[in-house]
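So the structure is just underneath, and the comments pick up after that.
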Amino acid sequence: MKKIITGNVLDIFNRKIYPAEIHISKGKIQEILETGEECSGYILPGLVDSHIHIESSMLTPARFAEAAVKHGTVAVVTDPHEIANVAGLQGVEFMIENAKTVPMKFFFGAPSCVPATEFETSGARIGSEEVRLLLEKDEILFLSEMMNFPGVLGEDPEVVNKLKHARELKKPVDGHAPGLTGEDLLKYIRSGISTDHECLTFQEAAEKISSGMKVQIREGSAARGFDMFRDLIDMYPESVMLCTDDMHPDDLLEGHIDRMIRRGLEKGVDLFNLLRAAIVNPVIHYGLPAGLLRKGDPADMIEVTDLQKFEITGTWINGEKVYSEGKVLFVPGKTELECKFRNKKITLNDISVGAESAEIRVIEAYDGKLYTGALTEKVKKENGFAVADTDRDICKMVLVNRYNDNNPAVAFIKGFGLKRGAIAGSVAHDSHNIIAVGVNDEDIKEAVNRVIEMGGGLVSLSDERRVEMPLEVGGLMTNSDGINVARKYGEIDGHARQLGSNLSSPFMTLSFMALLVIPRLKLSDHGLFDGEKFEYVSLFI
């Protein structure tokens, strides 16, 4: 059955806007006929997130789609790296199958670094042969971010083989190399890696573009780089893409790629260049079967009433309207995933630390940043033990292996601002062990043990109140709808702030304190880790 949609068509390629009829048949655009007649509303291609981990939304792919189509997102380029670290190939298959229950277009990558490093314990291992099996699947379009850039530079055999498989199968390779410049950057690029979303400075991003990479400007829940890098969009309109990387449910409720476009328009970024970064560049770079509002393309489109406000009023995918005036027009599917989760609870003795010297290494957390600092502080002692010191904003942090009943690792951290209680969760990039931060051992123990009892989730507690959020799908996601998840997440994050945290997103920041591939000081389940030297360091000095 043929459909005709009228509106002011926004042609990104020719940088023009004109009234037209869009003729659609069998999910594709048959004709775009300029009418010359005045009409309301603007029709443009659907938005694409060029790099996201769906798991960080705490929603299954189907539930994520339900939330994202409201913001005009028709497709996502997604790395199932998080669930792969938890459940291996089974986890990747879960994401693919769950995504098939909804019309949104999910383009999955083969996780390249599971585990992310050899310095932590994950729930699975995906080697070069497993990577090849994934890359041979039609549903897998690329090799996901190669975080092990030391392995690329050092020509680690497993890393070399993974890159080789991608080249042989002619599938793009995503990068992840914060701070990499000069000859090391050129070697990294020559290995076949073509994108990066982890630039630390504007100069670094410009160098990567000049060296042939595509740079993805990220505006997620923990790492927000749009304001720092937005000038790249007008400077290098064909070499920039937009992405969120990690987006928590409360933020997703407010906006997705559309929010970045609004931000750019407010700051004076050219509309057509913005839309090229948000739509055209990822489709072309990854070879996505997503529409760009041309004859013969899939009819993947959105409608806005005002280009400056950029509020989405309608979304179409393959010619079917999936969102209209506040209502999602499909029902998300539900699938289950069984994962191993430790059952041994921790004790106070497990997390007590004898004070071995007068000085200690302390992680410094920064709001809205994935990287951390490394401080040297005087130890606060009680009965011979090193303890938290709220007067100096130094909390205790604990990482508990969730796959095996091993003893916890302990460190101290500055920047969370907690004055009482503890928070804990089973979302801890990239291996997703149980991570907790608190001001006393009793509360830390209770928070961790509640996560274990739930088989995964988030907990914020103090003497008078406990708020929790189960994550029954791999300890990372839930089958609940996005509105309820956002409400519950907002409640638990808000409780963490009531405990004293001044971070904009305490749980998101906590989840990255075990991400060893982002400098500088982080906590592995094996101990304190220096991400610049790429080695363990002692807690006491």
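Identifiers for the structure tokens are assigned positionally: chains receive A, B, ... in sequence, residues are indexed from 1 per chain, and ligands are indexed from 1 in the order shown.
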
Subject >> Residues within 6 Å of segment 199-215 of chain A, only C-alpha atoms, excluding chain neighbours under 6 positions, as a ChimeraX atom specification >> reply: /A:178-179,239-240

Subject >> Top pick for closest residue to Glu535 of chain A, considering A:Tyr403, A:Phe272, A:Phe119, A:Phe507 and counting only C-alpha atoms >> reply: A:Phe119

Original post:
Contacts of Thr101 of chain A at 7 Å or less, counting only C-alpha atoms, minus same-chain residues fewer than 5 places along, as a PyMOL selection string?
Top reply: chain A and resi 62+332-333

Could those residues be written to a file, using N, CA and C atoms, as a PDB file, in the first residue's frame?
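The new file part-v4.pdb reads:
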```
ATOM      1  N   ALA A  62      14.819  -3.567  23.544  1.00  0.00           N
ATOM      2  CA  ALA A  62      13.424  -3.276  23.212  1.00  0.00           C
ATOM      3  C   ALA A  62      12.892  -2.102  24.020  1.00  0.00           C
ATOM      4  N   PRO A 332       7.084  -3.269  23.079  1.00  0.00           N
ATOM      5  CA  PRO A 332       8.403  -3.907  23.212  1.00  0.00           C
ATOM      6  C   PRO A 332       8.283  -5.374  23.613  1.00  0.00           C
ATOM      7  N   GLY A 333       9.165  -6.200  23.059  1.00  0.00           N
ATOM      8  CA  GLY A 333       9.209  -7.607  23.423  1.00  0.00           C
ATOM      9  C   GLY A 333      10.012  -7.818  24.698  1.00  0.00           C
TER      10      GLY A 333
END
```

Original post:
Which of these, A:Glu136, A:Glu198, A:Glu468, A:Asp156, has the shortest distance to Leu169 of chain A once you count only C-alpha atoms?
Top reply: A:Glu136

Original post:
Can you list, as a list in words, every protein, DNA or RNA residue that comes within 8 Å of Lys414 of chain A when you count only C-alpha atoms, leaving out same-chain residues fewer than 2 positions away?
Top reply: Val362, Ile363, Glu364, Ala365, Arg392, Asp393, Ile394, Cys395, Phe412, Phe416 and Gly417 of chain A

**OP:** Would you kindly return, as a VMD selection string, each protein, DNA or RNA residue with an atom no farther than 10 Å from any atom of segment 232-235 of chain A, considering only C-alpha atoms and excluding same-chain residues fewer than 6 positions away?
**Re:** chain A and resid 202 205 to 206 209 215 217 226 241 to 242 264 268 to 277

Original post:
Which is closer to Val74 of chain A than all the others in A:Asp300, A:Glu338, A:Glu382, A:Glu55, using only C-alpha atoms?
Top reply: A:Asp300

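Those residues that approach segment 423-439 of chain A to within 6 Å, counting only C-alpha atoms, are Asn85, Ser122, Ala388, Cys395, Lys396, Met397, Val398, Leu399, Val400, Asn401, Arg402, Arg420, Ile444, Ala447, Val448, Gly456, Gly457, Leu458, Val459, Ser460, Gly475, Leu476, Ser511, Phe512, Ala514 and Leu515 of chain A; same-chain residues fewer than 3 positions away are not listed.
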
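Considering only C-alpha atoms, the residue among A:Cys339, A:Glu266, A:Ile312, A:Asp441 positioned nearest to Leu471 of chain A is A:Cys339.
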
Subject >> Closest of A:Arg125, A:Arg63, A:Arg15, A:Lys309 to Asn484 of chain A - atom-to-atom distances counting only C-alpha atoms >> reply: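 Going through A:Arg125, A:Arg63, A:Arg15, A:Lys309 one by one, the smallest distance to Asn484 of chain A is for A:Arg63.
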